[in-house]
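**Student:** Sharing a structure with you now.
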Amino acid sequence: MAVTVRIPTPLRKLTAGADEVSVEATNIGSMIDNLEAAHAGLKERLCDESGEIRRFVNVYLNDEDVRFLKGRETALKDGDEVSIVPAIAGGK
Amino acid sequence: MSESIVRALKCRECGHEYEIQPTHVCEFCFGPLEVVYDYDKLDGKFTRELIESRPQNMWRYKELLPIDGEPKVGANNGFTPLIKADRLAKALGVKELYIKIDSVCYPTLSFKDRVVSVALSKAVEFGFKTVACASTGNLAGSVAANAAAAGLESYVFIPEDLEQGKVLGAAIFGTNIISIRGQYDDVNRLCSEVAGKYGWAFVNVNVRPFYAEGSKTLGYEVMEQLGWKAPKHVVVPMASGSLCTKIDKSIKEFIQLGLVEDNQTAMYGAQATGCSPITKSVKDDTDMIHPVKANTIAKSLAIGNPADGYYANKVMKESGGYAEDVSDEEIIDAMKLLAETEGIFAETAGGVTLGCAKKLIDSGKIPRDESIVLCITGNGLKTQEAVLNEVAKPRIINASLKEFDVLAAADGVK
């Protein structure tokens, strides 16, 4: 099953400039592992030492934050679109 | 003054450190950056006597603010009254109540003058000529006024549904005021993009780590005004949640520097029910903040996606505090209670703070026999719409003693 992952500008150095990559994955956790296999160094930017998605990295599956789905266990199906978006920092 | 004790900008998440520069996000993990200090360098040099010998403004604590030398902007800002509120204490059924009144902060009548003077001082140090902000109103007024007084160009971005007093309170200073169709969170998102493209100092984007430190002065002042004591309970309004974390930081710093004793201060956060993502996370006992679409008359607190929500949540839990929320009706009742018992006209956010404090006291979360400080952060004259139809209208008579006698008799005046 292939899903499309959108890569934010600050992480594109790790994907040779690509703003979108395609990976095989059955859930968000395996998606991150397979991203790491293809683009070494991505995982440590997305996840902390325990493997949890970092607090200021938002991962959206079809526009829904996976934190409010099942996190890393969130299932993926063929053709899903996943966006990685750094949290908007700032605010009064 | 002795050398600066500012050490670096440090990521609150992964700990990466960066040199002092106009940036606010960790390049590695996207976490927020915070100013960190070498407190050891102040050992024995930063004393109560030194602070007391200085003029009554926020810069009497300048060693703990991230500027080089003297402030470049807002040299007279800060230092507001802390009053013992006995009549309100009686109404709430508590023993010892204080109100920190930043609704009279110089020059624009909100606590934002504290953060803005640090942000703009730093912006001048960095060489910026134009300053900007995303704002729910108070910040826009403060940036506009302080920029005008410092001869800086300014752009302020606000949501389009703001109260007239907030819009006028910024426009009068000759700023470039831009109203965005949408809510504060939309304004904030746009400002992140504008900040990336234009070379401006956005006080709550690229210079936010410095800006946020200004809030600590509210906490320092409270402790000094209590006679160099940390309060037992502090209730603050929450928008981004930053103020809650910075007052906590101010107390920890004063304890570390030996200026006050640890009083196990508990921090409590107040939000409007119509925009209460941080309070909800505390009540649900989770640290995940679910963004909301704001709908409340407390527009200055209407941030649906609070930047410091996680950290404020943590401060409240670790300090033994809690969070509460109140309806629009309860906000208005509390604004009136504060005005009628203490003669203080606070903005809607002040109604949120007092309304939530009342609930926290009634539910037993805050004990009735220990010291409580309420932080009032903005002025009611800027949010008149909220109470315009909630107070008595003037009774109109001719300039005739007879007519007044009739009125007085009807009132039962002898």
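Simple scheme: letters A, B, ... for chains in structure tokens order, numbers from 1 for residues in each chain, numbers from 1 for ligands in the order shown.
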Chain B residues within 7 Å of chain A, counting only C-alpha atoms: which ones, as an mmCIF file with C-alpha atoms, in the first residue's frame?

**Tutor:**
```cif
data_model
loop_
_atom_site.group_PDB
_atom_site.id
_atom_site.type_symbol
_atom_site.label_atom_id
_atom_site.label_comp_id
_atom_site.auth_asym_id
_atom_site.auth_seq_id
_atom_site.Cartn_x
_atom_site.Cartn_y
_atom_site.Cartn_z
ATOM 1 C CA VAL B 25 11.898 27.867 16.676
ATOM 2 C CA PHE B 28 16.056 20.486 14.693
ATOM 3 C CA CYS B 29 12.721 19.593 16.310
ATOM 4 C CA PHE B 30 10.566 22.746 15.780
ATOM 5 C CA GLY B 31 10.172 23.253 19.528
ATOM 6 C CA PRO B 32 9.944 26.779 20.985
ATOM 7 C CA SER B 135 -2.827 40.673 18.250
ATOM 8 C CA ASN B 188 -1.330 34.373 13.713
ATOM 9 C CA ARG B 189 -0.879 31.977 10.811
ATOM 10 C CA ASN B 204 5.241 37.408 19.067
ATOM 11 C CA VAL B 205 6.908 35.498 16.250
ATOM 12 C CA ARG B 208 8.950 35.928 20.942
ATOM 13 C CA SER B 240 -1.554 31.421 24.755
ATOM 14 C CA ALA B 307 1.224 28.243 21.720
#
```

**Student:** Counting only C-alpha atoms, what is within 8 Å of A:Ile28, bar same-chain residues fewer than 4 positions away, as a ChimeraX atom specification?

**Tutor:** /A:32,71-76

**Student:** Pull the helix (DSSP H, G or I) assignments for stretch 6-91 of chain A out of DSSP run on the backbone, and list those residues as an MDAnalysis selection string.

**Tutor:** chainID A and resid 9:15 28:38 42:46 66:68 71:73

**Student:** Can those selected residues be exported to a file as a tab-separated table (two decimals), in the first residue's frame so that it contains C-alpha atoms?

**Tutor:**
```tsv
chain	number	residue	atom	x	y	z
A	9	THR	CA	10.51	22.95	3.62
A	10	PRO	CA	12.86	22.55	6.63
A	11	LEU	CA	13.03	18.77	6.08
A	12	ARG	CA	13.50	18.74	2.32
A	13	LYS	CA	17.30	18.62	2.65
A	14	LEU	CA	16.73	15.04	3.74
A	15	THR	CA	14.54	14.16	0.73
A	28	ILE	CA	1.75	6.04	10.67
A	29	GLY	CA	4.44	4.21	12.67
A	30	SER	CA	5.52	2.04	9.76
A	31	MET	CA	5.30	5.06	7.47
A	32	ILE	CA	7.88	6.86	9.62
A	33	ASP	CA	10.14	3.79	9.70
A	34	ASN	CA	9.94	3.43	5.93
A	35	LEU	CA	10.59	7.14	5.45
A	36	GLU	CA	13.72	6.72	7.57
A	37	ALA	CA	14.85	3.74	5.47
A	38	ALA	CA	14.56	5.80	2.30
A	42	LEU	CA	14.13	11.92	9.02
A	43	LYS	CA	12.98	9.86	11.96
A	44	GLU	CA	14.99	11.71	14.61
A	45	ARG	CA	13.55	14.97	13.34
A	46	LEU	CA	9.99	13.65	13.61
A	66	VAL	CA	-3.16	11.88	13.93
A	67	ARG	CA	-2.81	12.75	17.64
A	68	PHE	CA	-6.56	12.85	17.72
A	71	GLY	CA	-1.27	8.36	16.86
A	72	ARG	CA	1.37	6.01	15.46
A	73	GLU	CA	-1.20	3.21	15.29
```

**Student:** Applying 12 Å and only C-alpha atoms, which residues near B:Gln225 remain after dropping the ones on its own chain fewer than 2 positions away? List them as a PyMOL selection string.

**Tutor:** chain B and resi 48+51-52+56+79-84+98-100+217-223+227-231+260+373

**Student:** Using only C-alpha atoms, please write the residues we just selected to a file, as an mmCIF file, in the first residue's frame.

**Tutor:**
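The result, stored in out_12.cif:
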```cif
data_model
loop_
_atom_site.group_PDB
_atom_site.id
_atom_site.type_symbol
_atom_site.label_atom_id
_atom_site.label_comp_id
_atom_site.auth_asym_id
_atom_site.auth_seq_id
_atom_site.Cartn_x
_atom_site.Cartn_y
_atom_site.Cartn_z
ATOM 1 C CA ARG B 48 16.552 43.452 47.618
ATOM 2 C CA ILE B 51 16.228 46.622 43.503
ATOM 3 C CA GLU B 52 14.552 48.937 46.035
ATOM 4 C CA GLN B 56 9.633 52.170 40.194
ATOM 5 C CA PHE B 79 5.247 48.756 38.090
ATOM 6 C CA THR B 80 1.549 48.757 38.786
ATOM 7 C CA PRO B 81 -0.335 48.726 42.104
ATOM 8 C CA LEU B 82 -0.931 45.564 44.112
ATOM 9 C CA ILE B 83 -3.903 46.194 46.374
ATOM 10 C CA LYS B 84 -5.279 44.252 49.287
ATOM 11 C CA TYR B 98 -4.722 40.786 46.558
ATOM 12 C CA ILE B 99 -5.243 42.201 43.098
ATOM 13 C CA LYS B 100 -2.376 43.041 40.763
ATOM 14 C CA THR B 217 8.194 41.414 35.761
ATOM 15 C CA LEU B 218 4.554 41.107 36.816
ATOM 16 C CA GLY B 219 5.560 38.240 39.080
ATOM 17 C CA TYR B 220 8.646 40.017 40.434
ATOM 18 C CA GLU B 221 6.547 43.045 41.340
ATOM 19 C CA VAL B 222 3.929 40.976 43.148
ATOM 20 C CA MET B 223 6.603 39.336 45.300
ATOM 21 C CA GLY B 227 7.091 42.331 51.231
ATOM 22 C CA TRP B 228 9.446 39.939 49.443
ATOM 23 C CA LYS B 229 7.142 36.964 49.729
ATOM 24 C CA ALA B 230 5.831 34.524 47.169
ATOM 25 C CA PRO B 231 2.022 34.249 47.245
ATOM 26 C CA VAL B 260 12.059 35.104 48.533
ATOM 27 C CA VAL B 373 -3.384 36.990 44.095
#
```

**Student:** Could you tell me how far atom CA of B:Ser142 sits from atom CA of B:Ser110, in Å to one decimal place?

**Tutor:**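 Rounded to one decimal, the two atoms are 7.9 Å apart.
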
**Student:** Please extract the residues of stretch 24-100 of chain B with a backbone DSSP assignment of strand (DSSP E) and present them as a PyMOL selection string.

**Tutor:** chain B and resi 33-37+82-84+97-100

**Student:** Kindly give the distance, in Å, that separates atom CA of B:Arg114 and atom CA of B:Leu92, rounded to a single decimal.

**Tutor:**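 Value for the atom CA of B:Arg114-atom CA of B:Leu92 distance: 29.7 Å.
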
**Student:** Find the residue from B:Pro306, B:Gly141, B:Pro107, B:Pro22 that sits nearest to B:Ile172; use only C-alpha atoms when measuring.

**Tutor:**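 Ranked by minimum distance to B:Ile172, first place goes to B:Gly141.
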
**Student:** Excluding same-chain residues fewer than 2 positions from B:Thr136, what lies within 10 Å of it counting only C-alpha atoms, as a list in words?

**Tutor:**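 Returned residues: Lys92 of chain A; Cys133, Ala134, Asn138, Leu139, Ala140, Gly141, Phe157, Ile158, Pro159, Glu160, Asp161, Leu162, Glu163, Lys166, Val167, Gln183, Tyr184, Asp185, Val187, Asn188, Ala239, Ala298, Lys299, Ser300, Leu301, Ala302 and Ile303 of chain B.
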
**Student:** Identify, on the basis of only C-alpha atoms, every residue whose closest approach to B:Leu120 does not exceed 12 Å; exclude the query and any residue fewer than 5 positions from it along the same chain; express the result as an NGL selection string.

**Tutor:** :B and (22 or 66-67 or 71-75 or 112-115 or 125-133 or 142-154 or 200-204 or 206-208 or 210-212 or 214)

**Student:** Restricting it to N, CA and C atoms, dump the selection as a compact mmCIF listing (two decimals), in the first residue's frame.

**Tutor:**
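Writing the result to again.txt gives the following:
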```txt
# COMPACT_ATOMS: atom_id res chain seq x y z
N PRO B 22 17.41 36.87 16.48
CA PRO B 22 15.95 36.95 16.32
C PRO B 22 15.36 35.69 15.71
N PRO B 66 16.22 39.82 29.11
CA PRO B 66 17.23 39.51 28.09
C PRO B 66 17.64 40.70 27.23
N ILE B 67 18.07 41.79 27.86
CA ILE B 67 18.55 42.93 27.08
C ILE B 67 20.01 43.19 27.42
N PRO B 71 17.49 49.61 28.81
CA PRO B 71 16.42 49.41 27.83
C PRO B 71 16.43 50.51 26.76
N LYS B 72 16.16 50.11 25.51
CA LYS B 72 16.12 51.08 24.42
C LYS B 72 14.71 51.61 24.21
N VAL B 73 13.71 50.86 24.67
CA VAL B 73 12.31 51.24 24.46
C VAL B 73 11.53 51.00 25.77
N GLY B 74 10.64 51.92 26.09
CA GLY B 74 9.75 51.70 27.24
C GLY B 74 10.44 51.80 28.58
N ALA B 75 11.33 52.76 28.71
CA ALA B 75 12.15 52.86 29.93
C ALA B 75 11.31 53.12 31.19
N LYS B 112 0.58 44.02 28.43
CA LYS B 112 1.37 43.87 27.21
C LYS B 112 2.50 44.89 27.12
N ASP B 113 2.36 46.02 27.87
CA ASP B 113 3.45 47.00 27.85
C ASP B 113 4.75 46.41 28.41
N ARG B 114 4.61 45.40 29.25
CA ARG B 114 5.81 44.75 29.80
C ARG B 114 6.54 43.95 28.72
N VAL B 115 5.80 43.11 28.03
CA VAL B 115 6.43 42.24 27.03
C VAL B 115 6.92 43.05 25.83
N GLU B 125 18.14 46.59 19.48
CA GLU B 125 19.50 46.02 19.60
C GLU B 125 19.88 45.23 18.35
N PHE B 126 18.91 44.49 17.82
CA PHE B 126 19.17 43.67 16.63
C PHE B 126 19.24 44.53 15.35
N GLY B 127 18.83 45.79 15.43
CA GLY B 127 18.92 46.67 14.27
C GLY B 127 17.66 46.75 13.43
N PHE B 128 16.53 46.23 13.92
CA PHE B 128 15.28 46.32 13.16
C PHE B 128 14.77 47.76 13.15
N LYS B 129 14.14 48.13 12.03
CA LYS B 129 13.53 49.46 11.93
C LYS B 129 12.01 49.37 11.98
N THR B 130 11.47 48.19 11.64
CA THR B 130 10.02 48.00 11.63
C THR B 130 9.67 46.87 12.59
N VAL B 131 8.64 47.12 13.42
CA VAL B 131 8.18 46.09 14.35
C VAL B 131 6.73 45.75 14.03
N ALA B 132 6.29 44.56 14.43
CA ALA B 132 4.96 44.11 14.05
C ALA B 132 4.45 43.10 15.06
N CYS B 133 3.16 42.78 14.96
CA CYS B 133 2.59 41.77 15.85
C CYS B 133 1.29 41.23 15.29
N SER B 142 -0.19 48.31 22.36
CA SER B 142 1.10 48.48 23.02
C SER B 142 2.25 48.57 22.02
N VAL B 143 2.23 47.73 21.00
CA VAL B 143 3.27 47.80 19.97
C VAL B 143 3.21 49.17 19.27
N ALA B 144 1.98 49.60 18.93
CA ALA B 144 1.83 50.87 18.22
C ALA B 144 2.34 52.03 19.06
N ALA B 145 1.97 52.07 20.33
CA ALA B 145 2.37 53.18 21.20
C ALA B 145 3.87 53.19 21.47
N ASN B 146 4.39 52.05 21.85
CA ASN B 146 5.81 51.99 22.19
C ASN B 146 6.69 52.20 20.96
N ALA B 147 6.22 51.74 19.79
CA ALA B 147 6.96 51.98 18.54
C ALA B 147 6.96 53.47 18.23
N ALA B 148 5.79 54.10 18.40
CA ALA B 148 5.70 55.53 18.12
C ALA B 148 6.68 56.30 19.01
N ALA B 149 6.69 55.96 20.29
CA ALA B 149 7.55 56.68 21.22
C ALA B 149 9.02 56.44 20.95
N ALA B 150 9.32 55.32 20.29
CA ALA B 150 10.73 55.00 20.01
C ALA B 150 11.12 55.37 18.58
N GLY B 151 10.15 55.90 17.80
CA GLY B 151 10.46 56.27 16.43
C GLY B 151 10.63 55.09 15.50
N LEU B 152 9.94 53.99 15.79
CA LEU B 152 10.00 52.81 14.93
C LEU B 152 8.74 52.74 14.07
N GLU B 153 8.88 52.20 12.86
CA GLU B 153 7.72 51.93 12.01
C GLU B 153 7.01 50.69 12.57
N SER B 154 5.66 50.64 12.47
CA SER B 154 4.99 49.43 12.98
C SER B 154 3.84 48.98 12.10
N TRP B 200 11.09 42.05 9.40
CA TRP B 200 10.59 42.82 10.53
C TRP B 200 10.76 42.04 11.83
N ALA B 201 10.74 42.78 12.92
CA ALA B 201 10.72 42.13 14.23
C ALA B 201 9.25 41.94 14.62
N PHE B 202 8.78 40.71 14.49
CA PHE B 202 7.42 40.39 14.95
C PHE B 202 7.52 40.03 16.42
N VAL B 203 6.92 40.85 17.28
CA VAL B 203 7.18 40.64 18.70
C VAL B 203 6.75 39.26 19.18
N ASN B 204 5.66 38.74 18.60
CA ASN B 204 5.24 37.41 19.07
C ASN B 204 5.52 36.31 18.05
N ASN B 206 9.20 36.12 15.60
CA ASN B 206 10.65 35.88 15.63
C ASN B 206 11.39 36.44 16.85
N VAL B 207 10.80 37.41 17.57
CA VAL B 207 11.45 37.83 18.82
C VAL B 207 10.66 37.38 20.06
N ARG B 208 9.80 36.39 19.85
CA ARG B 208 8.95 35.93 20.94
C ARG B 208 9.70 35.45 22.19
N PHE B 210 12.22 36.65 23.62
CA PHE B 210 12.59 37.84 24.41
C PHE B 210 11.34 38.51 24.96
N TYR B 211 10.37 38.70 24.06
CA TYR B 211 9.06 39.26 24.39
C TYR B 211 8.46 38.57 25.62
N ALA B 212 8.40 37.25 25.57
CA ALA B 212 7.71 36.50 26.62
C ALA B 212 8.35 36.73 27.99
N GLY B 214 9.30 39.36 29.30
CA GLY B 214 8.79 40.59 29.93
C GLY B 214 7.68 40.32 30.94
```

**Student:** Stretch 390-396 of chain B: which residues within 12 Å, counting only C-alpha atoms, same-chain residues fewer than 5 positions away excluded, as a list in words?

**Tutor:**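 With the cut-off at 12 Å, the set is Glu329, Ile331, Ile332, Asp333, Ala334, Met335, Lys336, Leu337, Ala339, Glu340, Gln384, Glu385, Glu403, Phe404, Leu407 and Ala408 of chain B.
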
**Student:** Would you output that residue set with C-alpha atoms, as an mmCIF file, in the first residue's frame?

**Tutor:**
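As a result, selection_4.cif now contains:
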```cif
data_model
loop_
_atom_site.group_PDB
_atom_site.id
_atom_site.type_symbol
_atom_site.label_atom_id
_atom_site.label_comp_id
_atom_site.auth_asym_id
_atom_site.auth_seq_id
_atom_site.Cartn_x
_atom_site.Cartn_y
_atom_site.Cartn_z
ATOM 1 C CA GLU B 329 -22.675 35.731 31.631
ATOM 2 C CA ILE B 331 -17.659 37.048 32.956
ATOM 3 C CA ILE B 332 -19.985 40.073 33.022
ATOM 4 C CA ASP B 333 -21.131 39.314 36.581
ATOM 5 C CA ALA B 334 -17.515 39.153 37.689
ATOM 6 C CA MET B 335 -16.594 42.407 35.920
ATOM 7 C CA LYS B 336 -19.418 44.097 37.818
ATOM 8 C CA LEU B 337 -18.466 42.466 41.113
ATOM 9 C CA ALA B 339 -16.041 47.196 39.842
ATOM 10 C CA GLU B 340 -18.620 47.432 42.635
ATOM 11 C CA GLN B 384 -17.058 48.656 26.687
ATOM 12 C CA GLU B 385 -19.306 46.701 24.324
ATOM 13 C CA GLU B 403 -36.741 67.786 39.823
ATOM 14 C CA PHE B 404 -33.823 66.411 41.810
ATOM 15 C CA LEU B 407 -35.788 61.883 42.175
ATOM 16 C CA ALA B 408 -34.123 61.812 45.596
#
```

**Student:** Quick one: residues within 9 Å of A:Ala2, only C-alpha atoms counted, chain neighbours fewer than 6 positions away excluded, as a list in words?

**Tutor:** Ser22, Val23, Glu24, Ala25, Thr26, Leu76, Lys77, Asp78, Gly79 and Asp80 of chain A

**Student:** Interatomic distance between atom CA of B:Tyr39 and atom CA of B:Ile5?

**Tutor:**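 We find that atom CA of B:Tyr39 and atom CA of B:Ile5 lie 6.6 Å from each other.
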